[in-house]
Amino acid sequence: ACLEYGIVPVASADQSMMRDYDPTLESGNAFTYRESSPWAMFAAIVRALETFKLPYDWQRIQRNGMEK
């Protein structure tokens with residue numbers, strides 16, 4: 001439901017609706033992590049923060065999430 005409103009989640013990769021963002025293919029709707037460790041989560045958050053600085057890429061992720 002949050003994807004419909006343009007929210008970009010940082011979430012575990014085992015959630016079915018979450019697809020990790022790939023900047024090369026401009027695909028994906030979230031920043032995911034596979035391992036349940038603080039460092040894996042931290043790495044996903046850092047990737048999200050770095051991507052947030054790039055408005056075109058961030059808006060692409062939001063559009064990917066809003067499209068069904």
# chains A, B, ... in the order shown; residues from 1 in each chain; ligands from 1
>>> closest_atom_pairs(of="range 33-54 of chain A", to="range 3-27 of chain A", cutoff="10 Å", atoms="only C-alpha atoms", output="JSON lines")
{"residue": "A:Tyr33", "atom": "CA", "partner": "A:Ser12", "partner_atom": "CA", "distance": 5.2}
{"residue": "A:Arg34", "atom": "CA", "partner": "A:Ala13", "partner_atom": "CA", "distance": 5.3}
{"residue": "A:Glu35", "atom": "CA", "partner": "A:Ser12", "partner_atom": "CA", "distance": 8.0}
{"residue": "A:Ser36", "atom": "CA", "partner": "A:Ser12", "partner_atom": "CA", "distance": 7.7}
{"residue": "A:Ala40", "atom": "CA", "partner": "A:Ser12", "partner_atom": "CA", "distance": 9.6}
{"residue": "A:Met41", "atom": "CA", "partner": "A:Val10", "partner_atom": "CA", "distance": 8.0}
{"residue": "A:Phe42", "atom": "CA", "partner": "A:Val10", "partner_atom": "CA", "distance": 9.7}
{"residue": "A:Ala44", "atom": "CA", "partner": "A:Val10", "partner_atom": "CA", "distance": 6.6}
{"residue": "A:Ile45", "atom": "CA", "partner": "A:Val10", "partner_atom": "CA", "distance": 6.6}
{"residue": "A:Arg47", "atom": "CA", "partner": "A:Tyr21", "partner_atom": "CA", "distance": 9.5}
{"residue": "A:Ala48", "atom": "CA", "partner": "A:Val10", "partner_atom": "CA", "distance": 7.5}
{"residue": "A:Thr51", "atom": "CA", "partner": "A:Pro23", "partner_atom": "CA", "distance": 9.0}
{"residue": "A:Phe52", "atom": "CA", "partner": "A:Val8", "partner_atom": "CA", "distance": 9.8}
>>> select_by_dssp(residues="chain A", states="strand (DSSP E or B)", output="list of chain:residue names")
A:Val10, A:Ala11, A:Ser12, A:Asp20, A:Asp22, A:Ser27, A:Ala30, A:Phe31, A:Thr32, A:Tyr33
>>> write_last_selection(atoms="N, CA and C atoms", output="PDB file, in the first residue's frame")
ATOM      1  N   VAL A  10      12.868   0.678   2.502  1.00  0.00           N
ATOM      2  CA  VAL A  10      14.085  -0.089   2.745  1.00  0.00           C
ATOM      3  C   VAL A  10      13.583  -1.314   3.490  1.00  0.00           C
ATOM      4  N   ALA A  11      13.700  -2.486   2.861  1.00  0.00           N
ATOM      5  CA  ALA A  11      13.037  -3.668   3.410  1.00  0.00           C
ATOM      6  C   ALA A  11      13.830  -4.938   3.136  1.00  0.00           C
ATOM      7  N   SER A  12      13.445  -5.984   3.822  1.00  0.00           N
ATOM      8  CA  SER A  12      14.038  -7.301   3.616  1.00  0.00           C
ATOM      9  C   SER A  12      13.692  -7.808   2.218  1.00  0.00           C
ATOM     10  N   ASP A  20      14.590  -4.998  -5.569  1.00  0.00           N
ATOM     11  CA  ASP A  20      15.745  -4.140  -5.307  1.00  0.00           C
ATOM     12  C   ASP A  20      16.001  -3.222  -6.497  1.00  0.00           C
ATOM     13  N   ASP A  22      17.861  -1.319  -9.270  1.00  0.00           N
ATOM     14  CA  ASP A  22      19.050  -1.517 -10.095  1.00  0.00           C
ATOM     15  C   ASP A  22      19.225  -0.259 -10.934  1.00  0.00           C
ATOM     16  N   SER A  27      15.322  -0.257 -12.762  1.00  0.00           N
ATOM     17  CA  SER A  27      14.213  -1.114 -12.346  1.00  0.00           C
ATOM     18  C   SER A  27      14.275  -1.315 -10.837  1.00  0.00           C
ATOM     19  N   ALA A  30      12.447  -0.575  -4.408  1.00  0.00           N
ATOM     20  CA  ALA A  30      12.847  -0.521  -3.006  1.00  0.00           C
ATOM     21  C   ALA A  30      14.355  -0.734  -2.897  1.00  0.00           C
ATOM     22  N   PHE A  31      14.853  -0.537  -1.701  1.00  0.00           N
ATOM     23  CA  PHE A  31      16.236  -0.885  -1.392  1.00  0.00           C
ATOM     24  C   PHE A  31      16.163  -2.056  -0.427  1.00  0.00           C
ATOM     25  N   THR A  32      16.647  -3.179  -0.876  1.00  0.00           N
ATOM     26  CA  THR A  32      16.476  -4.390  -0.081  1.00  0.00           C
ATOM     27  C   THR A  32      17.815  -4.902   0.444  1.00  0.00           C
ATOM     28  N   TYR A  33      17.714  -5.730   1.453  1.00  0.00           N
ATOM     29  CA  TYR A  33      18.877  -6.409   2.024  1.00  0.00           C
ATOM     30  C   TYR A  33      18.501  -7.870   2.221  1.00  0.00           C
TER      31      TYR A  33
END
>>> decode(residues="range 32-44 of chain A", atoms="all heavy atoms", output="PDB file, in the first residue's frame")
ATOM      1  N   THR A  32      16.647  -3.179  -0.876  1.00  0.00           N
ATOM      2  CA  THR A  32      16.476  -4.390  -0.081  1.00  0.00           C
ATOM      3  C   THR A  32      17.815  -4.902   0.444  1.00  0.00           C
ATOM      4  O   THR A  32      18.874  -4.561  -0.070  1.00  0.00           O
ATOM      5  CB  THR A  32      15.797  -5.507  -0.903  1.00  0.00           C
ATOM      6  OG1 THR A  32      16.646  -5.880  -1.982  1.00  0.00           O
ATOM      7  CG2 THR A  32      14.448  -5.054  -1.431  1.00  0.00           C
ATOM      8  N   TYR A  33      17.714  -5.730   1.453  1.00  0.00           N
ATOM      9  CA  TYR A  33      18.877  -6.409   2.024  1.00  0.00           C
ATOM     10  C   TYR A  33      18.501  -7.870   2.221  1.00  0.00           C
ATOM     11  O   TYR A  33      17.368  -8.210   2.479  1.00  0.00           O
ATOM     12  CB  TYR A  33      19.308  -5.760   3.348  1.00  0.00           C
ATOM     13  CG  TYR A  33      18.197  -5.614   4.351  1.00  0.00           C
ATOM     14  CD1 TYR A  33      17.917  -6.624   5.256  1.00  0.00           C
ATOM     15  CD2 TYR A  33      17.413  -4.469   4.382  1.00  0.00           C
ATOM     16  CE1 TYR A  33      16.892  -6.499   6.174  1.00  0.00           C
ATOM     17  CE2 TYR A  33      16.385  -4.331   5.300  1.00  0.00           C
ATOM     18  CZ  TYR A  33      16.132  -5.346   6.186  1.00  0.00           C
ATOM     19  OH  TYR A  33      15.107  -5.225   7.086  1.00  0.00           O
ATOM     20  N   ARG A  34      19.454  -8.761   2.013  1.00  0.00           N
ATOM     21  CA  ARG A  34      19.202 -10.204   2.109  1.00  0.00           C
ATOM     22  C   ARG A  34      19.467 -10.737   3.512  1.00  0.00           C
ATOM     23  O   ARG A  34      18.739 -11.543   4.033  1.00  0.00           O
ATOM     24  CB  ARG A  34      20.058 -10.957   1.105  1.00  0.00           C
ATOM     25  CG  ARG A  34      19.726 -10.609  -0.331  1.00  0.00           C
ATOM     26  CD  ARG A  34      19.992 -11.793  -1.238  1.00  0.00           C
ATOM     27  NE  ARG A  34      19.599 -11.481  -2.600  1.00  0.00           N
ATOM     28  CZ  ARG A  34      18.359 -11.509  -3.056  1.00  0.00           C
ATOM     29  NH1 ARG A  34      17.386 -11.819  -2.252  1.00  0.00           N
ATOM     30  NH2 ARG A  34      18.087 -11.221  -4.303  1.00  0.00           N
ATOM     31  N   GLU A  35      20.540 -10.293   4.099  1.00  0.00           N
ATOM     32  CA  GLU A  35      20.973 -10.802   5.397  1.00  0.00           C
ATOM     33  C   GLU A  35      20.348  -9.961   6.511  1.00  0.00           C
ATOM     34  O   GLU A  35      20.323  -8.739   6.423  1.00  0.00           O
ATOM     35  CB  GLU A  35      22.498 -10.686   5.452  1.00  0.00           C
ATOM     36  CG  GLU A  35      23.148 -11.293   6.636  1.00  0.00           C
ATOM     37  CD  GLU A  35      24.659 -11.068   6.576  1.00  0.00           C
ATOM     38  OE1 GLU A  35      25.234 -11.155   5.481  1.00  0.00           O
ATOM     39  OE2 GLU A  35      25.233 -10.790   7.637  1.00  0.00           O
ATOM     40  N   SER A  36      19.826 -10.592   7.522  1.00  0.00           N
ATOM     41  CA  SER A  36      19.232  -9.854   8.646  1.00  0.00           C
ATOM     42  C   SER A  36      20.310  -9.463   9.651  1.00  0.00           C
ATOM     43  O   SER A  36      20.364  -9.993  10.765  1.00  0.00           O
ATOM     44  CB  SER A  36      18.168 -10.700   9.332  1.00  0.00           C
ATOM     45  OG  SER A  36      16.922 -10.459   8.793  1.00  0.00           O
ATOM     46  N   SER A  37      21.142  -8.538   9.236  1.00  0.00           N
ATOM     47  CA  SER A  37      22.182  -8.036  10.138  1.00  0.00           C
ATOM     48  C   SER A  37      22.136  -6.507  10.100  1.00  0.00           C
ATOM     49  O   SER A  37      21.694  -5.921   9.108  1.00  0.00           O
ATOM     50  CB  SER A  37      23.557  -8.526   9.697  1.00  0.00           C
ATOM     51  OG  SER A  37      23.990  -7.811   8.563  1.00  0.00           O
ATOM     52  N   PRO A  38      22.598  -5.891  11.150  1.00  0.00           N
ATOM     53  CA  PRO A  38      22.609  -4.421  11.156  1.00  0.00           C
ATOM     54  C   PRO A  38      23.412  -3.831   9.999  1.00  0.00           C
ATOM     55  O   PRO A  38      23.049  -2.811   9.447  1.00  0.00           O
ATOM     56  CB  PRO A  38      23.250  -4.073  12.505  1.00  0.00           C
ATOM     57  CG  PRO A  38      23.032  -5.270  13.364  1.00  0.00           C
ATOM     58  CD  PRO A  38      23.040  -6.444  12.430  1.00  0.00           C
ATOM     59  N   TRP A  39      24.501  -4.496   9.612  1.00  0.00           N
ATOM     60  CA  TRP A  39      25.342  -3.958   8.538  1.00  0.00           C
ATOM     61  C   TRP A  39      24.673  -4.063   7.185  1.00  0.00           C
ATOM     62  O   TRP A  39      24.816  -3.173   6.344  1.00  0.00           O
ATOM     63  CB  TRP A  39      26.708  -4.640   8.535  1.00  0.00           C
ATOM     64  CG  TRP A  39      27.521  -4.220   9.712  1.00  0.00           C
ATOM     65  CD1 TRP A  39      27.875  -4.998  10.778  1.00  0.00           C
ATOM     66  CD2 TRP A  39      28.027  -2.920   9.985  1.00  0.00           C
ATOM     67  NE1 TRP A  39      28.578  -4.251  11.687  1.00  0.00           N
ATOM     68  CE2 TRP A  39      28.692  -2.965  11.232  1.00  0.00           C
ATOM     69  CE3 TRP A  39      27.980  -1.707   9.302  1.00  0.00           C
ATOM     70  CZ2 TRP A  39      29.302  -1.848  11.789  1.00  0.00           C
ATOM     71  CZ3 TRP A  39      28.593  -0.598   9.878  1.00  0.00           C
ATOM     72  CH2 TRP A  39      29.245  -0.680  11.098  1.00  0.00           C
ATOM     73  N   ALA A  40      23.936  -5.130   6.945  1.00  0.00           N
ATOM     74  CA  ALA A  40      23.216  -5.269   5.673  1.00  0.00           C
ATOM     75  C   ALA A  40      22.112  -4.210   5.582  1.00  0.00           C
ATOM     76  O   ALA A  40      21.912  -3.590   4.536  1.00  0.00           O
ATOM     77  CB  ALA A  40      22.627  -6.667   5.548  1.00  0.00           C
ATOM     78  N   MET A  41      21.419  -3.997   6.692  1.00  0.00           N
ATOM     79  CA  MET A  41      20.380  -2.963   6.726  1.00  0.00           C
ATOM     80  C   MET A  41      20.995  -1.577   6.539  1.00  0.00           C
ATOM     81  O   MET A  41      20.465  -0.746   5.804  1.00  0.00           O
ATOM     82  CB  MET A  41      19.615  -3.027   8.044  1.00  0.00           C
ATOM     83  CG  MET A  41      18.813  -4.285   8.216  1.00  0.00           C
ATOM     84  SD  MET A  41      18.066  -4.304   9.863  1.00  0.00           S
ATOM     85  CE  MET A  41      17.886  -6.042  10.120  1.00  0.00           C
ATOM     86  N   PHE A  42      22.106  -1.344   7.203  1.00  0.00           N
ATOM     87  CA  PHE A  42      22.794  -0.063   7.090  1.00  0.00           C
ATOM     88  C   PHE A  42      23.218   0.196   5.644  1.00  0.00           C
ATOM     89  O   PHE A  42      23.065   1.316   5.129  1.00  0.00           O
ATOM     90  CB  PHE A  42      24.007  -0.042   8.017  1.00  0.00           C
ATOM     91  CG  PHE A  42      24.817   1.224   7.940  1.00  0.00           C
ATOM     92  CD1 PHE A  42      24.320   2.411   8.446  1.00  0.00           C
ATOM     93  CD2 PHE A  42      26.076   1.216   7.376  1.00  0.00           C
ATOM     94  CE1 PHE A  42      25.069   3.578   8.382  1.00  0.00           C
ATOM     95  CE2 PHE A  42      26.825   2.375   7.302  1.00  0.00           C
ATOM     96  CZ  PHE A  42      26.327   3.559   7.806  1.00  0.00           C
ATOM     97  N   ALA A  43      23.742  -0.813   4.963  1.00  0.00           N
ATOM     98  CA  ALA A  43      24.164  -0.662   3.571  1.00  0.00           C
ATOM     99  C   ALA A  43      22.979  -0.288   2.683  1.00  0.00           C
ATOM    100  O   ALA A  43      23.111   0.555   1.782  1.00  0.00           O
ATOM    101  CB  ALA A  43      24.819  -1.945   3.071  1.00  0.00           C
ATOM    102  N   ALA A  44      21.826  -0.882   2.916  1.00  0.00           N
ATOM    103  CA  ALA A  44      20.628  -0.548   2.132  1.00  0.00           C
ATOM    104  C   ALA A  44      20.192   0.889   2.389  1.00  0.00           C
ATOM    105  O   ALA A  44      19.796   1.606   1.465  1.00  0.00           O
ATOM    106  CB  ALA A  44      19.500  -1.523   2.448  1.00  0.00           C
TER     107      ALA A  44
END
